[in-house]
Amino acid sequence: MRKGRVLITGGAAGIGAACAARCAADGYDVVTIDRVGNGLIADLSDIESTASALRCALVDGPITRLVNNVGAVFPADAEHQTLEECEKAWSLNVRVAQQCMQALLPGMKNEGFGRIVNMSSRAALGKQLRSAYAATKAALIGMTRVWALELGQYGVTANAIGPGVIRTQLFDEANPPGSPLTRAIVEGVPVKRAGTPEDIAHAVSYMLDDRSGYVTGQVLYVCGGLSVGSAPI
C-alpha cells in the first residue's frame, strides 16, 4: 500500500537521490525535480521553469510531503564573494523552497496534513569561505521556524536538517579530495568520518513520517558531532 506522494527538489544525485531512494523504500510515491535524471526536468534557478515543473507535479493530485533539498555552493572568502553569486545562492537555496511550499500548501491544507523538510547546513552556524551559502542556509532555518508557527494549525509541520560533512559530488567540488583542508575537515569530525547521503535520508525519513506530527520548527544537525559547541542548546 502506497503512503502518498513526496516531492524532492534536486533529487537526481547526492543527498536528494538518497532521499528519493529512502522515500520509495518507505512506501511513498516519489516525484523529483532536477535539471537531469528520470523525474521532472527543470532549471530550478529559473522561476518560470520551476513553476512549470510544479504544475506538472500536481496534475495527479496533491502532494503532502516536501523535501526542499536543491542547493548550490559558491566558495569564496568574504572579500571576493560576488553579488551575482549571492543572488544565485538566494534563488536556488531559498526562493525555490518558498515557491515549492506555496505550490503544495493548498493541497496540504485541504488534506489537513503536511510534512516539509528544508535542507539547511551546519554551515549556517558559520564556516569560512561560505558567505553566500551560510547566509542562505541560515535563512532556511528562519523560514522553517516561521512556517512551523503559521502552518501548524493546518496539520503541517516544517523542520530543517543540517548536514555536516557529507561526501557528495557537491562536497567534493567545494572540497577537493586529498587536499590538506579537506583532510582537516574530516579529521575534525568527532566520529572521525564523513557522513553519507544515506545518513541524511534516514533523518529526512523520520521528519516525513506520520508519527512525527509533534515535532516542528526544529533543526536536526546530522553532522557526526561537528555542531557540538557551536549550536545553541
# chains A, B, ... in the order shown; residues from 1 in each chain; ligands from 1
>>> residues_around(residues="Val146 of chain A", least_positions_apart="2", cutoff="12 Å", atoms="only C-alpha atoms", output="tab-separated table (two decimals) with N, CA and C atoms, in the first residue's frame")
chain	number	residue	atom	x	y	z
A	98	GLN	N	10.61	28.39	-0.97
A	98	GLN	CA	9.39	29.18	-0.79
A	98	GLN	C	8.38	28.88	-1.90
A	139	ALA	N	18.99	31.36	6.38
A	139	ALA	CA	17.67	31.85	6.00
A	139	ALA	C	16.65	30.72	5.99
A	140	LEU	N	17.05	29.54	5.53
A	140	LEU	CA	16.13	28.39	5.52
A	140	LEU	C	15.69	28.03	6.94
A	141	ILE	N	16.59	28.17	7.89
A	141	ILE	CA	16.22	27.88	9.28
A	141	ILE	C	15.19	28.88	9.77
A	142	GLY	N	15.40	30.15	9.46
A	142	GLY	CA	14.42	31.16	9.84
A	142	GLY	C	13.07	30.91	9.21
A	143	MET	N	13.07	30.56	7.92
A	143	MET	CA	11.82	30.25	7.23
A	143	MET	C	11.14	29.05	7.85
A	144	THR	N	11.92	28.04	8.19
A	144	THR	CA	11.37	26.83	8.80
A	144	THR	C	10.61	27.18	10.07
A	148	ALA	N	6.60	26.77	10.69
A	148	ALA	CA	6.10	25.94	11.79
A	148	ALA	C	5.04	26.68	12.59
A	149	LEU	N	5.28	27.96	12.85
A	149	LEU	CA	4.32	28.75	13.62
A	149	LEU	C	3.03	29.00	12.84
A	150	GLU	N	3.15	29.26	11.56
A	150	GLU	CA	1.99	29.63	10.76
A	150	GLU	C	1.19	28.43	10.26
A	151	LEU	N	1.84	27.32	10.02
A	151	LEU	CA	1.17	26.20	9.35
A	151	LEU	C	0.75	25.07	10.28
A	152	GLY	N	1.18	25.12	11.52
A	152	GLY	CA	0.83	24.05	12.45
A	152	GLY	C	-0.67	23.88	12.61
A	157	THR	N	3.71	20.31	9.44
A	157	THR	CA	4.94	20.55	10.19
A	157	THR	C	6.03	21.02	9.24
A	158	ALA	N	6.99	21.77	9.78
A	158	ALA	CA	8.14	22.23	9.00
A	158	ALA	C	9.39	22.08	9.86
A	159	ASN	N	10.35	21.35	9.37
A	159	ASN	CA	11.60	21.13	10.09
A	159	ASN	C	12.77	21.26	9.12
A	160	ALA	N	13.96	21.38	9.69
A	160	ALA	CA	15.16	21.50	8.87
A	160	ALA	C	16.18	20.46	9.28
A	216	THR	N	8.07	20.11	15.21
A	216	THR	CA	8.01	21.14	14.17
A	216	THR	C	8.84	22.35	14.58
A	217	GLY	N	9.38	23.03	13.57
A	217	GLY	CA	10.21	24.20	13.83
A	217	GLY	C	11.60	23.87	14.33
A	218	GLN	N	12.03	22.63	14.17
A	218	GLN	CA	13.29	22.19	14.72
A	218	GLN	C	14.37	22.04	13.64
>>> residues_around(residues="Ala57 of chain A", least_positions_apart="6", cutoff="10 Å", atoms="only C-alpha atoms", output="list in words")
Arg5, Leu7, Val31, Thr32, Ile33, Gly39, Leu40, Ala51, Ile63, Ala103 and Leu104 of chain A
>>> write_last_selection(atoms="C-alpha atoms", output="PDB file, in the first residue's frame")
ATOM      1  CA  ARG A   5       3.376  11.384  -2.570  1.00  0.00           C
ATOM      2  CA  LEU A   7       8.271  15.928  -3.811  1.00  0.00           C
ATOM      3  CA  VAL A  31       8.343  12.924  -7.514  1.00  0.00           C
ATOM      4  CA  THR A  32      11.683  14.606  -8.160  1.00  0.00           C
ATOM      5  CA  ILE A  33      12.546  17.862  -9.890  1.00  0.00           C
ATOM      6  CA  GLY A  39      11.998  12.773 -12.800  1.00  0.00           C
ATOM      7  CA  LEU A  40      10.593  16.120 -13.849  1.00  0.00           C
ATOM      8  CA  ALA A  51       6.585  26.879 -11.728  1.00  0.00           C
ATOM      9  CA  ILE A  63       1.469  16.262  -2.664  1.00  0.00           C
ATOM     10  CA  ALA A 103       2.551  25.499  -4.614  1.00  0.00           C
ATOM     11  CA  LEU A 104       1.954  22.456  -2.402  1.00  0.00           C
TER      12      LEU A 104
END
>>> closest_residue(among="A:Gly225, A:Gly155, A:Gly162, A:Gly10", to="Leu105 of chain A", atoms="only C-alpha atoms")
A:Gly155
>>> closest_atom_pairs(of="segment 61-148 of chain A", to="segment 179-196 of chain A", cutoff="12 Å", atoms="only C-alpha atoms", output="JSON lines")
{"residue": "A:Arg122", "atom": "CA", "partner": "A:Val189", "partner_atom": "CA", "distance": 12.0}
{"residue": "A:Lys127", "atom": "CA", "partner": "A:Ile185", "partner_atom": "CA", "distance": 11.0}
{"residue": "A:Gln128", "atom": "CA", "partner": "A:Leu181", "partner_atom": "CA", "distance": 11.3}
{"residue": "A:Leu129", "atom": "CA", "partner": "A:Leu181", "partner_atom": "CA", "distance": 11.9}
>>> residues_around(residues="Val73 of chain A", least_positions_apart="3", cutoff="9 Å", atoms="only C-alpha atoms", output="list in words")
Ala89, Arg130, Ala132, Tyr133, Leu170, Phe171 and Ala174 of chain A
>>> select_by_dssp(residues="segment 55-202 of chain A", states="alpha helix (DSSP H)", output="PyMOL selection string")
chain A and resi 55-57+83-90+96-111+131-151+169-174+180-187+197-202
>>> write_last_selection(atoms="C-alpha atoms", output="PDB file, in the first residue's frame")
ATOM      1  CA  ARG A  55       2.243  22.410 -12.159  1.00  0.00           C
ATOM      2  CA  CYS A  56       3.189  19.097 -13.777  1.00  0.00           C
ATOM      3  CA  ALA A  57       3.887  17.536 -10.392  1.00  0.00           C
ATOM      4  CA  LEU A  83      26.914  39.860  -5.606  1.00  0.00           C
ATOM      5  CA  GLU A  84      25.989  37.654  -8.556  1.00  0.00           C
ATOM      6  CA  GLU A  85      26.913  34.585  -6.524  1.00  0.00           C
ATOM      7  CA  CYS A  86      24.838  35.882  -3.607  1.00  0.00           C
ATOM      8  CA  GLU A  87      21.830  36.302  -5.892  1.00  0.00           C
ATOM      9  CA  LYS A  88      22.267  32.826  -7.417  1.00  0.00           C
ATOM     10  CA  ALA A  89      22.587  31.255  -3.975  1.00  0.00           C
ATOM     11  CA  TRP A  90      19.453  33.010  -2.749  1.00  0.00           C
ATOM     12  CA  VAL A  96      12.881  27.504  -4.635  1.00  0.00           C
ATOM     13  CA  ALA A  97      11.885  26.347  -1.145  1.00  0.00           C
ATOM     14  CA  GLN A  98       9.386  29.179  -0.787  1.00  0.00           C
ATOM     15  CA  GLN A  99       7.984  28.595  -4.264  1.00  0.00           C
ATOM     16  CA  CYS A 100       7.556  24.851  -3.711  1.00  0.00           C
ATOM     17  CA  MET A 101       5.932  25.317  -0.325  1.00  0.00           C
ATOM     18  CA  GLN A 102       3.418  27.809  -1.713  1.00  0.00           C
ATOM     19  CA  ALA A 103       2.551  25.499  -4.614  1.00  0.00           C
ATOM     20  CA  LEU A 104       1.954  22.456  -2.402  1.00  0.00           C
ATOM     21  CA  LEU A 105       0.391  24.175   0.605  1.00  0.00           C
ATOM     22  CA  PRO A 106      -3.207  24.387  -0.701  1.00  0.00           C
ATOM     23  CA  GLY A 107      -3.271  20.607  -1.101  1.00  0.00           C
ATOM     24  CA  MET A 108      -1.757  20.103   2.349  1.00  0.00           C
ATOM     25  CA  LYS A 109      -4.327  22.398   3.933  1.00  0.00           C
ATOM     26  CA  ASN A 110      -7.138  20.625   2.135  1.00  0.00           C
ATOM     27  CA  GLU A 111      -5.867  17.273   3.427  1.00  0.00           C
ATOM     28  CA  SER A 131      29.320  33.835   2.978  1.00  0.00           C
ATOM     29  CA  ALA A 132      26.559  33.316   0.399  1.00  0.00           C
ATOM     30  CA  TYR A 133      25.972  29.665   1.229  1.00  0.00           C
ATOM     31  CA  ALA A 134      25.874  30.107   5.005  1.00  0.00           C
ATOM     32  CA  ALA A 135      23.561  33.101   4.707  1.00  0.00           C
ATOM     33  CA  THR A 136      21.035  31.210   2.598  1.00  0.00           C
ATOM     34  CA  LYS A 137      21.164  28.103   4.773  1.00  0.00           C
ATOM     35  CA  ALA A 138      20.580  30.244   7.848  1.00  0.00           C
ATOM     36  CA  ALA A 139      17.670  31.847   6.001  1.00  0.00           C
ATOM     37  CA  LEU A 140      16.133  28.394   5.525  1.00  0.00           C
ATOM     38  CA  ILE A 141      16.224  27.878   9.278  1.00  0.00           C
ATOM     39  CA  GLY A 142      14.421  31.157   9.842  1.00  0.00           C
ATOM     40  CA  MET A 143      11.819  30.254   7.226  1.00  0.00           C
ATOM     41  CA  THR A 144      11.369  26.829   8.798  1.00  0.00           C
ATOM     42  CA  ARG A 145      10.546  28.384  12.155  1.00  0.00           C
ATOM     43  CA  VAL A 146       8.077  30.839  10.664  1.00  0.00           C
ATOM     44  CA  TRP A 147       6.346  28.095   8.670  1.00  0.00           C
ATOM     45  CA  ALA A 148       6.102  25.937  11.787  1.00  0.00           C
ATOM     46  CA  LEU A 149       4.318  28.754  13.623  1.00  0.00           C
ATOM     47  CA  GLU A 150       1.991  29.630  10.763  1.00  0.00           C
ATOM     48  CA  LEU A 151       1.172  26.203   9.348  1.00  0.00           C
ATOM     49  CA  GLN A 169      29.711  15.419  -5.654  1.00  0.00           C
ATOM     50  CA  LEU A 170      28.795  18.891  -4.402  1.00  0.00           C
ATOM     51  CA  PHE A 171      31.057  18.438  -1.367  1.00  0.00           C
ATOM     52  CA  ASP A 172      33.938  17.138  -3.475  1.00  0.00           C
ATOM     53  CA  GLU A 173      33.644  20.079  -5.872  1.00  0.00           C
ATOM     54  CA  ALA A 174      33.862  22.546  -2.985  1.00  0.00           C
ATOM     55  CA  PRO A 180      45.058  19.315   3.316  1.00  0.00           C
ATOM     56  CA  LEU A 181      41.986  21.449   4.033  1.00  0.00           C
ATOM     57  CA  THR A 182      39.607  18.581   3.202  1.00  0.00           C
ATOM     58  CA  ARG A 183      41.589  16.151   5.365  1.00  0.00           C
ATOM     59  CA  ALA A 184      41.478  18.627   8.217  1.00  0.00           C
ATOM     60  CA  ILE A 185      37.712  18.965   7.839  1.00  0.00           C
ATOM     61  CA  VAL A 186      37.124  15.202   8.067  1.00  0.00           C
ATOM     62  CA  GLU A 187      39.600  14.749  10.906  1.00  0.00           C
ATOM     63  CA  PRO A 197      23.819  10.767   1.810  1.00  0.00           C
ATOM     64  CA  GLU A 198      22.026   7.823   3.425  1.00  0.00           C
ATOM     65  CA  ASP A 199      22.730   9.310   6.866  1.00  0.00           C
ATOM     66  CA  ILE A 200      20.747  12.371   5.820  1.00  0.00           C
ATOM     67  CA  ALA A 201      17.993  10.345   4.149  1.00  0.00           C
ATOM     68  CA  HIS A 202      17.422   8.482   7.412  1.00  0.00           C
TER      69      HIS A 202
END
>>> closest_residue(among="A:Ala13, A:Ile233, A:Val30, A:Val156", to="Tyr214 of chain A", atoms="only C-alpha atoms")
A:Val156
>>> select_by_dssp(residues="segment 73-225 of chain A", states="strand (DSSP E)", output="ChimeraX atom specification")
/A:114-119,156-163,219-222
>>> write_last_selection(atoms="C-alpha atoms", output="mmCIF file, in the first residue's frame")
data_model
loop_
_atom_site.group_PDB
_atom_site.id
_atom_site.type_symbol
_atom_site.label_atom_id
_atom_site.label_comp_id
_atom_site.auth_asym_id
_atom_site.auth_seq_id
_atom_site.Cartn_x
_atom_site.Cartn_y
_atom_site.Cartn_z
ATOM 1 C CA GLY A 114 1.678 18.095 5.562
ATOM 2 C CA ARG A 115 5.353 17.494 6.153
ATOM 3 C CA ILE A 116 8.021 19.947 4.986
ATOM 4 C CA VAL A 117 11.737 19.303 5.386
ATOM 5 C CA ASN A 118 14.195 22.039 4.442
ATOM 6 C CA MET A 119 17.807 21.078 3.784
ATOM 7 C CA VAL A 156 1.523 20.873 8.564
ATOM 8 C CA THR A 157 4.939 20.554 10.187
ATOM 9 C CA ALA A 158 8.143 22.226 8.999
ATOM 10 C CA ASN A 159 11.596 21.125 10.086
ATOM 11 C CA ALA A 160 15.159 21.502 8.875
ATOM 12 C CA ILE A 161 18.074 19.134 8.528
ATOM 13 C CA GLY A 162 21.601 20.494 8.974
ATOM 14 C CA PRO A 163 24.048 18.150 7.240
ATOM 15 C CA VAL A 219 16.780 21.836 13.219
ATOM 16 C CA LEU A 220 18.370 18.397 13.349
ATOM 17 C CA TYR A 221 22.110 18.556 12.746
ATOM 18 C CA VAL A 222 23.327 15.331 11.148
#
>>> atom_distance(atom1="atom CA of Ala78 of chain A", atom2="atom CA of Thr9 of chain A")
28.3 Å
>>> closest_residue(among="A:Thr64, A:Asn93, A:Asp29, A:Asn69", to="Tyr154 of chain A", atoms="only C-alpha atoms")
A:Thr64
>>> atom_distance(atom1="atom CA of Gly27 of chain A", atom2="atom CA of Arg65 of chain A")
12.6 Å
>>> closest_residue(among="A:Ser205, A:Gly61, A:Ser230, A:Ala12", to="Ala25 of chain A", atoms="only C-alpha atoms")
A:Ser205
>>> atom_distance(atom1="atom CA of Asp210 of chain A", atom2="atom CA of Val94 of chain A")
25.6 Å
>>> closest_residue(among="A:Ala124, A:Ala18, A:Val67, A:Val215", to="Ala231 of chain A", atoms="only C-alpha atoms")
A:Ala124
